[in-house]
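Enquirer: Below is the file structure_3.cif, with mmCIF, C-alpha atoms.
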data_my_file
loop_
_atom_site.label_atom_id
_atom_site.label_comp_id
_atom_site.auth_asym_id
_atom_site.auth_seq_id
_atom_site.Cartn_x
_atom_site.Cartn_y
_atom_site.Cartn_z
CA MET A 1 95.74 106.66 108.10
CA THR A 2 95.37 103.41 110.02
CA HIS A 3 94.64 103.15 113.72
CA ALA A 4 95.81 100.32 115.94
CA SER A 5 93.21 98.79 118.19
CA GLN A 6 93.90 98.26 121.86
CA ALA A 7 96.32 95.38 122.33
CA ILE A 8 94.60 92.23 123.55
CA PRO A 9 96.43 89.95 126.02
CA LEU A 10 95.97 86.31 125.12
CA ASN A 11 97.06 84.41 128.21
CA ASP A 12 93.60 83.69 129.65
CA GLU A 13 93.25 79.99 128.99
CA ALA A 14 89.65 79.92 130.25
CA ILE A 15 88.26 82.03 127.42
CA PHE A 16 86.74 80.13 124.51
CA ASP A 17 84.06 80.52 121.89
CA ALA A 18 81.82 78.15 119.95
CA MET A 19 81.46 79.44 116.39
CA PRO A 20 78.43 78.13 114.43
CA MET A 21 79.81 76.30 111.41
CA GLU A 22 76.88 77.12 109.11
CA GLU A 23 77.30 80.87 109.72
CA GLY A 24 81.09 81.00 109.87
CA GLY A 25 80.62 83.62 112.59
CA GLN A 26 81.44 86.29 109.98
CA PHE A 27 84.88 84.70 109.71
CA ALA A 28 86.33 83.61 106.37
CA ASN A 29 86.80 79.91 105.75
CA HIS A 30 87.54 77.55 102.88
CA ALA A 31 84.22 78.37 101.17
CA THR A 32 84.47 82.17 101.32
CA PRO A 33 84.81 83.80 97.87
CA LEU A 34 88.44 84.54 97.01
CA ILE A 35 89.60 88.11 97.57
CA ARG A 36 90.56 89.55 94.18
CA ASN A 37 91.40 93.18 94.96
CA CYS A 38 94.86 92.41 96.29
CA TRP A 39 98.41 92.15 94.97
CA TYR A 40 99.42 88.48 94.94
CA VAL A 41 102.71 86.85 93.99
CA CYS A 42 102.35 85.20 90.59
CA ALA A 43 105.95 84.02 90.13
CA ARG A 44 109.53 84.46 91.14
CA ARG A 45 110.94 87.30 89.09
CA ASP A 46 113.41 85.06 87.25
CA GLU A 47 110.64 82.64 86.25
CA VAL A 48 109.05 85.18 83.90
CA GLY A 49 111.05 85.54 80.69
CA ARG A 50 110.74 85.53 76.93
CA THR A 51 109.27 82.02 76.90
CA PRO A 52 105.61 82.11 78.03
CA ILE A 53 104.70 80.37 81.28
CA SER A 54 101.26 79.79 82.75
CA ARG A 55 99.88 79.49 86.27
CA ARG A 56 96.37 79.16 87.61
CA LEU A 57 95.65 82.06 89.98
CA LEU A 58 92.33 82.70 91.76
CA ASP A 59 90.58 80.14 89.53
CA THR A 60 91.90 81.87 86.40
CA ASP A 61 94.52 80.49 84.00
CA VAL A 62 97.12 83.21 83.37
CA VAL A 63 99.98 83.36 80.85
CA MET A 64 103.04 85.52 81.57
CA TYR A 65 106.05 86.68 79.59
CA ARG A 66 108.39 89.69 79.25
CA THR A 67 108.65 92.30 76.53
CA GLN A 68 111.95 93.11 74.87
CA SER A 69 112.50 95.86 77.45
CA GLY A 70 111.98 93.40 80.29
CA GLN A 71 108.49 94.47 81.37
CA PRO A 72 106.30 91.61 82.60
CA VAL A 73 102.98 90.94 80.89
CA ALA A 74 100.05 88.88 82.19
CA MET A 75 97.06 87.77 80.09
CA HIS A 76 94.20 85.32 80.31
CA ASN A 77 95.68 82.10 78.96
CA ARG A 78 92.96 81.59 76.38
CA CYS A 79 92.76 82.80 72.80
CA PRO A 80 89.34 84.45 72.16
CA HIS A 81 89.11 82.69 68.78
CA ARG A 82 89.04 78.97 69.66
CA ALA A 83 90.25 78.88 73.28
CA PHE A 84 93.76 77.72 72.38
CA PRO A 85 96.09 78.10 75.42
CA LEU A 86 98.32 81.07 74.61
CA VAL A 87 101.16 79.61 76.65
CA LYS A 88 101.53 77.10 73.79
CA GLY A 89 102.30 79.97 71.42
CA ARG A 90 105.45 82.09 71.18
CA VAL A 91 106.68 85.62 71.79
CA GLU A 92 107.71 87.71 68.76
CA GLY A 93 108.96 91.17 69.60
CA ASP A 94 106.56 92.34 72.29
CA ARG A 95 103.62 90.33 70.97
CA LEU A 96 102.29 86.97 72.12
CA VAL A 97 101.42 84.87 69.07
CA CYS A 98 98.73 82.20 69.32
CA GLY A 99 100.04 78.82 68.21
CA TYR A 100 96.77 77.77 66.57
CA HIS A 101 95.90 80.47 63.99
CA GLY A 102 98.68 83.01 64.48
CA MET A 103 96.70 85.81 66.11
CA GLU A 104 99.20 88.35 67.51
CA PHE A 105 98.38 90.11 70.77
CA GLU A 106 100.06 93.26 72.03
CA PRO A 107 100.99 93.56 75.74
CA ASP A 108 97.70 95.43 76.31
CA GLY A 109 95.79 92.40 75.02
CA LEU A 110 94.64 93.90 71.70
CA CYS A 111 95.02 91.75 68.60
CA ALA A 112 97.36 93.55 66.17
CA HIS A 113 97.40 90.96 63.39
CA LEU A 114 95.17 88.11 62.26
CA PRO A 115 96.77 86.27 59.30
CA ALA A 116 93.51 84.78 58.00
CA VAL A 117 91.75 88.13 57.48
CA SER A 118 92.76 91.61 56.37
CA HIS A 119 90.81 93.47 59.03
CA VAL A 120 91.14 92.74 62.76
CA PRO A 121 87.77 93.16 64.52
CA ALA A 122 87.74 95.55 67.48
CA ASN A 123 86.60 92.85 69.89
CA ALA A 124 89.60 90.63 69.12
CA CYS A 125 91.38 91.00 72.45
CA VAL A 126 92.52 89.12 75.53
CA GLN A 127 92.02 90.23 79.11
CA THR A 128 95.22 91.47 80.72
CA TYR A 129 96.12 91.95 84.37
CA PRO A 130 98.25 94.57 86.14
CA ILE A 131 101.62 93.03 86.93
CA ALA A 132 104.82 94.39 88.51
CA ASP A 133 108.24 93.29 89.75
CA ARG A 134 109.40 93.94 93.31
CA GLY A 135 112.70 92.49 94.44
CA PRO A 136 112.84 88.75 93.68
CA LEU A 137 109.09 88.47 93.11
CA THR A 138 106.54 89.35 90.44
CA TRP A 139 103.09 90.46 91.62
CA ILE A 140 99.70 90.43 89.92
CA TRP A 141 96.34 92.14 90.54
CA MET A 142 93.37 89.95 89.59
CA GLY A 143 90.62 92.31 90.71
CA ASP A 144 89.29 95.67 89.52
CA PRO A 145 92.18 97.12 87.44
CA ASN A 146 91.15 100.65 88.42
CA LEU A 147 92.14 99.82 92.01
CA ALA A 148 95.55 98.34 91.13
CA ASP A 149 97.78 100.87 92.91
CA GLU A 150 101.37 99.56 92.89
CA ALA A 151 101.94 101.43 96.16
CA LEU A 152 99.82 98.69 97.74
CA ILE A 153 102.36 95.97 96.91
CA PRO A 154 103.68 94.77 100.29
CA GLU A 155 107.08 96.20 101.22
CA LEU A 156 109.59 93.37 101.80
CA PRO A 157 112.94 95.19 101.51
CA TRP A 158 115.02 92.55 103.28
CA LEU A 159 114.46 90.12 100.40
CA ALA A 160 116.52 92.33 98.07
CA SER A 161 119.00 93.71 100.64
CA SER A 162 122.69 92.79 100.68
CA GLU A 163 122.56 93.12 104.47
CA TRP A 164 120.40 90.02 104.78
CA GLY A 165 121.16 86.44 103.82
CA THR A 166 118.08 84.64 102.51
CA VAL A 167 117.14 81.07 101.73
CA THR A 168 113.89 80.21 100.01
CA GLY A 169 111.62 77.45 98.76
CA ASP A 170 108.08 76.82 97.59
CA PHE A 171 105.20 74.38 97.76
CA HIS A 172 101.96 73.67 95.98
CA ILE A 173 99.39 72.94 98.68
CA LYS A 174 96.00 71.24 98.53
CA ALA A 175 94.48 73.49 101.19
CA ASP A 176 92.82 76.89 101.50
CA TYR A 177 94.62 80.18 102.00
CA VAL A 178 92.40 81.16 104.95
CA SER A 179 93.65 78.16 106.93
CA MET A 180 97.21 78.97 105.90
CA HIS A 181 96.90 82.47 107.37
CA GLU A 182 95.41 81.12 110.58
CA ASN A 183 98.17 78.51 110.83
CA LEU A 184 100.96 81.06 110.44
CA ILE A 185 99.58 83.51 112.98
CA ASP A 186 98.89 80.69 115.48
CA GLN A 187 102.17 80.18 117.35
CA THR A 188 100.73 77.85 119.99
CA HIS A 189 101.05 74.86 117.67
CA PHE A 190 104.82 75.31 117.26
CA PRO A 191 106.00 72.94 120.04
CA PHE A 192 103.67 70.18 118.88
CA LEU A 193 103.83 70.30 115.10
CA HIS A 194 107.43 71.64 114.90
CA PRO A 195 109.23 70.32 118.02
CA GLY A 196 112.62 69.98 116.31
CA THR A 197 112.78 73.36 114.59
CA VAL A 198 110.77 76.40 115.71
CA GLY A 199 108.91 75.14 118.77
CA THR A 200 109.85 75.09 122.45
CA PRO A 201 107.54 74.36 125.43
CA GLU A 202 108.50 77.66 127.06
CA TYR A 203 107.51 79.65 123.99
CA ALA A 204 104.07 78.02 123.84
CA ARG A 205 103.38 79.27 127.36
CA ALA A 206 104.71 82.81 126.82
CA SER A 207 102.10 85.57 126.90
CA MET A 208 101.35 87.51 123.74
CA GLU A 209 99.35 90.51 122.59
CA ALA A 210 97.37 91.00 119.41
CA SER A 211 96.25 94.18 117.68
CA THR A 212 94.65 95.23 114.42
CA GLU A 213 96.13 97.96 112.26
CA GLY A 214 93.75 98.77 109.43
CA ASN A 215 93.41 95.48 107.55
CA GLN A 216 96.44 93.93 109.25
CA VAL A 217 96.79 91.86 112.41
CA ALA A 218 99.98 91.84 114.49
CA ILE A 219 100.90 89.67 117.44
CA THR A 220 103.92 90.34 119.67
CA ARG A 221 105.54 88.01 122.13
CA ARG A 222 108.54 88.12 124.46
CA LEU A 223 110.26 85.26 126.23
CA ASP A 224 113.27 85.83 128.52
CA ASN A 225 115.93 83.47 129.85
CA ALA A 226 114.88 80.38 127.92
CA PRO A 227 116.54 78.00 125.45
CA PRO A 228 116.38 79.09 121.79
CA PRO A 229 114.57 76.97 119.19
CA GLY A 230 116.85 74.86 117.05
CA ILE A 231 116.19 76.79 113.84
CA TYR A 232 117.67 79.93 115.45
CA GLY A 233 120.05 78.54 118.03
CA LYS A 234 121.95 75.99 115.95
CA PRO A 235 123.19 78.26 113.12
CA ALA A 236 124.12 80.93 115.72
CA ASP A 237 125.88 78.27 117.86
CA ILE A 238 124.03 79.33 121.03
CA MET A 239 122.05 76.19 121.84
CA HIS A 240 124.00 75.81 125.11
CA LYS A 241 122.66 79.15 126.41
CA ASN A 242 119.46 80.66 127.65
CA VAL A 243 118.53 83.74 125.66
CA ASP A 244 115.91 86.47 125.48
CA ARG A 245 113.60 86.41 122.49
CA THR A 246 111.09 88.77 120.89
CA SER A 247 108.88 88.24 117.87
CA GLU A 248 106.22 89.94 115.83
CA ALA A 249 104.01 87.94 113.47
CA ARG A 250 101.83 89.86 111.04
CA PHE A 251 98.91 89.14 108.76
CA ALA A 252 100.05 91.77 106.26
CA SER A 253 97.51 91.13 103.49
CA PRO A 254 95.53 88.20 102.06
CA ALA A 255 98.73 87.42 100.13
CA VAL A 256 101.47 87.88 102.73
CA HIS A 257 102.41 86.90 106.26
CA THR A 258 105.64 88.12 107.85
CA ALA A 259 107.46 87.41 111.10
CA HIS A 260 110.33 89.35 112.63
CA ALA A 261 112.29 87.65 115.41
CA LYS A 262 115.25 88.76 117.51
CA ILE A 263 117.43 86.60 119.73
CA PHE A 264 119.35 88.44 122.46
CA ASP A 265 122.47 86.77 123.85
CA THR A 266 123.14 88.68 127.06
CA GLN A 267 126.61 87.15 127.43
CA PRO A 268 127.94 86.76 123.89
CA ASP A 269 131.16 84.89 123.28
CA ALA A 270 134.10 86.89 122.00
CA GLY A 271 133.68 87.96 118.39
CA LYS A 272 130.00 86.95 118.24
CA PRO A 273 126.96 89.24 118.01
CA SER A 274 124.72 89.92 120.96
CA VAL A 275 121.59 90.18 118.78
CA TYR A 276 120.52 87.86 115.96
CA GLY A 277 117.76 89.05 113.64
CA TYR A 278 115.43 87.08 111.39
CA TYR A 279 112.67 87.91 108.94
CA ILE A 280 110.40 85.06 107.90
CA THR A 281 108.27 85.82 104.83
CA HIS A 282 105.37 83.73 103.56
CA CYS A 283 103.75 84.66 100.24
CA PHE A 284 100.86 82.60 98.96
CA THR A 285 98.30 82.91 96.23
CA PRO A 286 95.11 80.85 96.06
CA GLU A 287 94.97 78.71 92.97
CA SER A 288 91.41 77.90 94.01
CA ASN A 289 89.43 77.75 97.24
CA HIS A 290 91.18 74.45 97.95
CA SER A 291 94.74 74.93 96.66
CA ILE A 292 97.58 77.41 97.09
CA HIS A 293 100.86 78.47 95.49
CA TYR A 294 103.24 79.10 98.40
CA TRP A 295 106.66 80.80 98.43
CA TRP A 296 108.65 81.15 101.68
CA PHE A 297 111.82 83.06 102.62
CA ASN A 298 114.03 82.87 105.73
CA SER A 299 116.30 85.92 106.07
CA ARG A 300 119.02 86.54 108.68
CA ASP A 301 121.39 89.41 109.51
CA TYR A 302 124.50 87.35 110.39
CA ARG A 303 126.77 84.95 108.48
CA ILE A 304 124.98 86.17 105.38
CA ASP A 305 127.50 84.63 102.95
CA ASP A 306 128.00 81.36 104.83
CA THR A 307 126.85 78.43 102.71
CA ASP A 308 126.70 76.03 105.67
CA THR A 309 124.26 78.37 107.41
CA ASP A 310 122.28 78.60 104.17
CA ASP A 311 122.10 74.82 103.94
CA PHE A 312 120.99 74.40 107.55
CA LEU A 313 118.30 77.08 107.39
CA ARG A 314 117.01 75.84 104.05
CA GLU A 315 116.70 72.28 105.35
CA ALA A 316 115.20 73.28 108.71
CA SER A 317 112.75 75.71 107.13
CA THR A 318 111.67 73.19 104.52
CA GLN A 319 111.04 70.64 107.27
CA ALA A 320 109.00 73.05 109.38
CA TYR A 321 106.90 74.41 106.52
CA TYR A 322 106.31 70.96 105.09
CA GLU A 323 104.91 69.99 108.49
CA ASP A 324 102.45 72.87 108.08
CA VAL A 325 101.65 71.74 104.54
CA GLU A 326 100.87 68.21 105.68
CA ALA A 327 98.71 69.43 108.56
CA LEU A 328 96.69 71.80 106.37
CA GLU A 329 96.18 69.18 103.67
CA TRP A 330 94.98 66.69 106.29
CA ILE A 331 92.55 69.28 107.64
CA MET A 332 91.29 70.11 104.14
CA ASP A 333 90.72 66.42 103.45
CA VAL A 334 88.65 66.09 106.64
CA VAL A 335 86.62 69.22 105.90
CA LEU A 336 85.79 68.15 102.34
CA SER A 337 85.28 64.43 102.84
CA ASP A 338 83.73 64.01 106.30
CA LYS A 339 79.99 63.50 105.85
CA GLU A 340 79.26 64.05 109.53
CA ALA A 341 78.27 67.70 109.81
CA GLN A 342 80.15 69.66 112.46
CA GLN A 343 77.76 71.90 114.37
CA PHE A 344 80.29 74.38 115.74
CA GLU A 345 83.99 75.21 115.78
CA LEU A 346 85.70 75.62 119.14
CA SER A 347 88.02 78.62 119.49
CA PHE A 348 90.15 79.49 122.51
CA ALA A 349 91.85 82.70 123.65
CA PRO A 350 95.11 82.08 121.72
CA ASP A 351 93.02 81.67 118.53
CA LYS A 352 91.99 85.32 118.60
CA PRO A 353 94.72 86.60 116.23
CA GLY A 354 93.67 84.05 113.62
CA LEU A 355 90.02 84.96 114.08
CA MET A 356 90.92 88.65 113.70
CA ALA A 357 92.57 87.86 110.35
CA ARG A 358 89.65 85.69 109.25
CA ARG A 359 87.19 88.45 110.12
CA ILE A 360 89.18 90.92 107.97
CA MET A 361 89.27 88.46 105.07
CA HIS A 362 85.52 87.87 105.35
CA ARG A 363 84.85 91.61 105.30
CA LEU A 364 87.10 92.17 102.26
CA ALA A 365 85.55 89.26 100.37
CA MET A 366 81.99 90.38 101.09
CA ALA A 367 82.79 94.00 100.14
CA GLU A 368 83.84 92.83 96.67
CA ARG A 369 80.47 91.14 96.20
CA GLY A 370 78.67 94.40 96.89
#
Please re-express this file's structure in structure tokens.

Expert:
Amino acid sequence: MTHASQAIPLNDEAIFDAMPMEEGGQFANHATPLIRNCWYVCARRDEVGRTPISRRLLDTDVVMYRTQSGQPVAMHNRCPHRAFPLVKGRVEGDRLVCGYHGMEFEPDGLCAHLPAVSHVPANACVQTYPIADRGPLTWIWMGDPNLADEALIPELPWLASSEWGTVTGDFHIKADYVSMHENLIDQTHFPFLHPGTVGTPEYARASMEASTEGNQVAITRRLDNAPPPGIYGKPADIMHKNVDRTSEARFASPAVHTAHAKIFDTQPDAGKPSVYGYYITHCFTPESNHSIHYWWFNSRDYRIDDTDTDDFLREASTQAYYEDVEALEWIMDVVLSDKEAQQFELSFAPDKPGLMARRIMHRLAMAERG
């Protein structure tokens, strides 16, 4: 059972903190060891097929393919014989065959056949990783396999629901996943980094509350009688109106951030809805401490089969998230290349949700190190 902490109002602009950079204030940063005991997205479900593919995940090169029955398989992308990349081999039946000397590995990683010798030694095996499909995504567990409970895979039912229309995209980012989490849960940057899509001046000034729920952080915000942001108002054709707006943003796990927004039109035009719902889903997996695989989804509960709405939301979302990508890569470049040591990091009241998430990530990372 999880318990929510007392909600914290975040509209006191006078509150700030100076966090010592050398200590990190017990908050995760770009140098914190990667959290391994977590389900991460390793691919879109339709990427993994009978032809092997590889992806570097948490500083480990992984090869993936599907068995004849359609079950996904994930292995270390390195033959134990002479380190040949297994992705350069082929799939025969359910086995992955090394393209260098023909060693055949079963889905559990054990070598079943070695053409050059009659007896396969017991230590001829490849490390495998728990892997599972959920909706349009395939997830992997890179930590202790004994802890890989599939019930811990984040629930994202709207991605596979016929009641939601979804557009999606992805990026490869030269930044750290801690900063990505802090960026997504920090809504005060919206009007400045995303003025044409998700940001409005009124929304930046709206009060919000933050709470922790187990290892999750949630922030809620309400704004009444204000113009909608373009990314919501334009496809709904309500830019000429003031609307009420609620949102919840959530640090769901080290691998997932979600946002649920509702737009309330108190005087809807004939034949139009009075409430417009959105789910924004961000899934990202650290490739390393300084790079990320990032998949995003924008889901809506109206005009779900309208291709023009799809096109608009795909373009607007891509623009907004690319603005985040650029900002985080610029920050990473400064952090890694600036030789002038920064003595402390300023944090203000609206930064508290991000600091809550960073504290959780620090605790999880340190717990894995014993």

Enquirer: List, as a list in words, every residue that the PyMOL selection byres ((chain A and resi 231) around 10) selects in the file provided.

Expert: Gly196, Thr197, Val198, Gly199, Pro228, Pro229, Gly230, Tyr232, Gly233, Lys234, Pro235, Ala236, Met239, Phe312, Leu313, Arg314, Glu315, Ala316, Ser317 and Ala320 of chain A

Enquirer: What residues come out when you apply the PyMOL selection byres ((chain A and resi 55) around 9) to this file, written as an mmCIF file with C-alpha atoms, keeping the file's coordinate frame?

Expert:
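This is the output file result.cif:
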data_model
loop_
_atom_site.group_PDB
_atom_site.id
_atom_site.type_symbol
_atom_site.label_atom_id
_atom_site.label_comp_id
_atom_site.auth_asym_id
_atom_site.auth_seq_id
_atom_site.Cartn_x
_atom_site.Cartn_y
_atom_site.Cartn_z
ATOM 1 C CA CYS A 42 102.350 85.200 90.590
ATOM 2 C CA ALA A 43 105.950 84.020 90.130
ATOM 3 C CA ILE A 53 104.700 80.370 81.280
ATOM 4 C CA SER A 54 101.260 79.790 82.750
ATOM 5 C CA ARG A 56 96.370 79.160 87.610
ATOM 6 C CA LEU A 57 95.650 82.060 89.980
ATOM 7 C CA THR A 60 91.900 81.870 86.400
ATOM 8 C CA ASP A 61 94.520 80.490 84.000
ATOM 9 C CA VAL A 62 97.120 83.210 83.370
ATOM 10 C CA VAL A 63 99.980 83.360 80.850
ATOM 11 C CA MET A 64 103.040 85.520 81.570
ATOM 12 C CA ASN A 77 95.680 82.100 78.960
ATOM 13 C CA GLU A 287 94.970 78.710 92.970
#

Enquirer: Mind checking which residues fall within 7 Å of A:Thr128, counting only C-alpha atoms, ignoring those fewer than 5 positions away in the same chain, and posting them as a PDB file with C-alpha atoms, in the coordinates of the input?

Expert:
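The resulting file, result25.pdb, is reproduced below:
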ATOM      1  CA  ALA A  74     100.050  88.880  82.190  1.00  0.00           C
ATOM      2  CA  MET A  75      97.060  87.770  80.090  1.00  0.00           C
ATOM      3  CA  HIS A  76      94.200  85.320  80.310  1.00  0.00           C
ATOM      4  CA  ASP A 108      97.700  95.430  76.310  1.00  0.00           C
ATOM      5  CA  GLY A 109      95.790  92.400  75.020  1.00  0.00           C
TER       6      GLY A 109
END

Enquirer: Report as JSON lines the residues of stretch 111-219 of chain A within 12 Å of stretch 260-276 of chain A, each with its shortest atom pair and distance in Å (one decimal), using all atoms listed in the file, ordered by chain and increasing residue number.

Expert:
{"residue": "A:Leu156", "atom": "CA", "partner": "A:His260", "partner_atom": "CA", "distance": 11.6}
{"residue": "A:Trp158", "atom": "CA", "partner": "A:His260", "partner_atom": "CA", "distance": 10.9}
{"residue": "A:Trp164", "atom": "CA", "partner": "A:Tyr276", "partner_atom": "CA", "distance": 11.4}
{"residue": "A:Val198", "atom": "CA", "partner": "A:Ala261", "partner_atom": "CA", "distance": 11.4}
{"residue": "A:Ala218", "atom": "CA", "partner": "A:His260", "partner_atom": "CA", "distance": 10.8}
{"residue": "A:Ile219", "atom": "CA", "partner": "A:His260", "partner_atom": "CA", "distance": 10.6}

Enquirer: For a quick check of understanding, using all atoms listed in the file, which of A:Pro227, A:Pro353, A:Gly89, A:Pro254 has the smallest distance to A:Lys241?

Expert: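 Between A:Pro227, A:Pro353, A:Gly89, A:Pro254, the residue approaching A:Lys241 most closely is A:Pro227.
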
Enquirer: I'd like the box whose edges run along x, y and z of the file and which contains every listed atom of stretch 225-237 of chain A, padded by 5 Å per side; could you state its centre and edge lengths in Å, one decimal, as AutoDock Vina command-line options?

Expert:
--center_x 120.2 --center_y 79.2 --center_z 121.5 --size_x 21.3 --size_y 18.6 --size_z 26.7

Enquirer: Taking all atoms listed in the file into account, which of A:Pro154, A:Gly102, A:Pro80, A:Gly277 comes nearest A:Tyr40?

Expert: A:Pro154

Enquirer: Would you please work out which residue, of A:Val243, A:Ala175, A:Cys125, A:Cys283, is nearest to A:Val334 when using only C-alpha atoms?

Expert: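 Distance minimum relative to A:Val334 lands on A:Ala175.
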
Enquirer: One decimal, Å: what's the distance from atom CA of A:Phe251 over to atom CA of A:Leu152, could you say?

Expert: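 Here the two named atoms are 14.6 Å from each other.
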
Enquirer: Could you jot down the atom CA of A:Ala28 to atom CA of A:Arg358 separation for me, Å, one decimal place?

Expert: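 According to the coordinates, atom CA of A:Ala28 and atom CA of A:Arg358 are separated by 4.9 Å.
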
Enquirer: Please check which residues have atoms at most 12 Å from (94.8, 84.0, 64.8) in the file's coordinates, counting all atoms listed in the file, and write them as a PDB file with C-alpha atoms, keeping the file's coordinate frame.

Expert:
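out.pdb was written with the following content:
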ATOM      1  CA  ARG A  78      92.960  81.590  76.380  1.00  0.00           C
ATOM      2  CA  CYS A  79      92.760  82.800  72.800  1.00  0.00           C
ATOM      3  CA  PRO A  80      89.340  84.450  72.160  1.00  0.00           C
ATOM      4  CA  HIS A  81      89.110  82.690  68.780  1.00  0.00           C
ATOM      5  CA  ARG A  82      89.040  78.970  69.660  1.00  0.00           C
ATOM      6  CA  ALA A  83      90.250  78.880  73.280  1.00  0.00           C
ATOM      7  CA  PHE A  84      93.760  77.720  72.380  1.00  0.00           C
ATOM      8  CA  LEU A  86      98.320  81.070  74.610  1.00  0.00           C
ATOM      9  CA  GLY A  89     102.300  79.970  71.420  1.00  0.00           C
ATOM     10  CA  LEU A  96     102.290  86.970  72.120  1.00  0.00           C
ATOM     11  CA  VAL A  97     101.420  84.870  69.070  1.00  0.00           C
ATOM     12  CA  CYS A  98      98.730  82.200  69.320  1.00  0.00           C
ATOM     13  CA  GLY A  99     100.040  78.820  68.210  1.00  0.00           C
ATOM     14  CA  TYR A 100      96.770  77.770  66.570  1.00  0.00           C
ATOM     15  CA  HIS A 101      95.900  80.470  63.990  1.00  0.00           C
ATOM     16  CA  GLY A 102      98.680  83.010  64.480  1.00  0.00           C
ATOM     17  CA  MET A 103      96.700  85.810  66.110  1.00  0.00           C
ATOM     18  CA  GLU A 104      99.200  88.350  67.510  1.00  0.00           C
ATOM     19  CA  PHE A 105      98.380  90.110  70.770  1.00  0.00           C
ATOM     20  CA  CYS A 111      95.020  91.750  68.600  1.00  0.00           C
ATOM     21  CA  ALA A 112      97.360  93.550  66.170  1.00  0.00           C
ATOM     22  CA  HIS A 113      97.400  90.960  63.390  1.00  0.00           C
ATOM     23  CA  LEU A 114      95.170  88.110  62.260  1.00  0.00           C
ATOM     24  CA  PRO A 115      96.770  86.270  59.300  1.00  0.00           C
ATOM     25  CA  ALA A 116      93.510  84.780  58.000  1.00  0.00           C
ATOM     26  CA  VAL A 117      91.750  88.130  57.480  1.00  0.00           C
ATOM     27  CA  SER A 118      92.760  91.610  56.370  1.00  0.00           C
ATOM     28  CA  HIS A 119      90.810  93.470  59.030  1.00  0.00           C
ATOM     29  CA  VAL A 120      91.140  92.740  62.760  1.00  0.00           C
ATOM     30  CA  PRO A 121      87.770  93.160  64.520  1.00  0.00           C
ATOM     31  CA  ALA A 124      89.600  90.630  69.120  1.00  0.00           C
ATOM     32  CA  CYS A 125      91.380  91.000  72.450  1.00  0.00           C
TER      33      CYS A 125
END

Enquirer: Enumerate, as a list of chain:residue names, the residues matched when the PyMOL selection byres ((chain A and resi 157) around 12) is run on the file above.

Expert: A:Arg134, A:Gly135, A:Pro136, A:Leu137, A:Ile153, A:Pro154, A:Glu155, A:Leu156, A:Trp158, A:Leu159, A:Ala160, A:Ser161, A:Ser162, A:Glu163, A:Trp164, A:Thr166, A:Thr258, A:Tyr279, A:Thr281, A:Ser299

Enquirer: Do you know which residues are at most 9 Å from A:Cys38 counting all atoms listed in the file, after dropping those on the same chain fewer than 3 positions away, and could you put them as a ChimeraX atom specification?

Expert: /A:35,140-143,147-148,152-153,253-255

Enquirer: Please compute the atom CA of A:Asp308-atom CA of A:Arg245 distance, one decimal, in Å.

Expert: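 According to the coordinates, atom CA of A:Asp308 and atom CA of A:Arg245 are separated by 23.7 Å.
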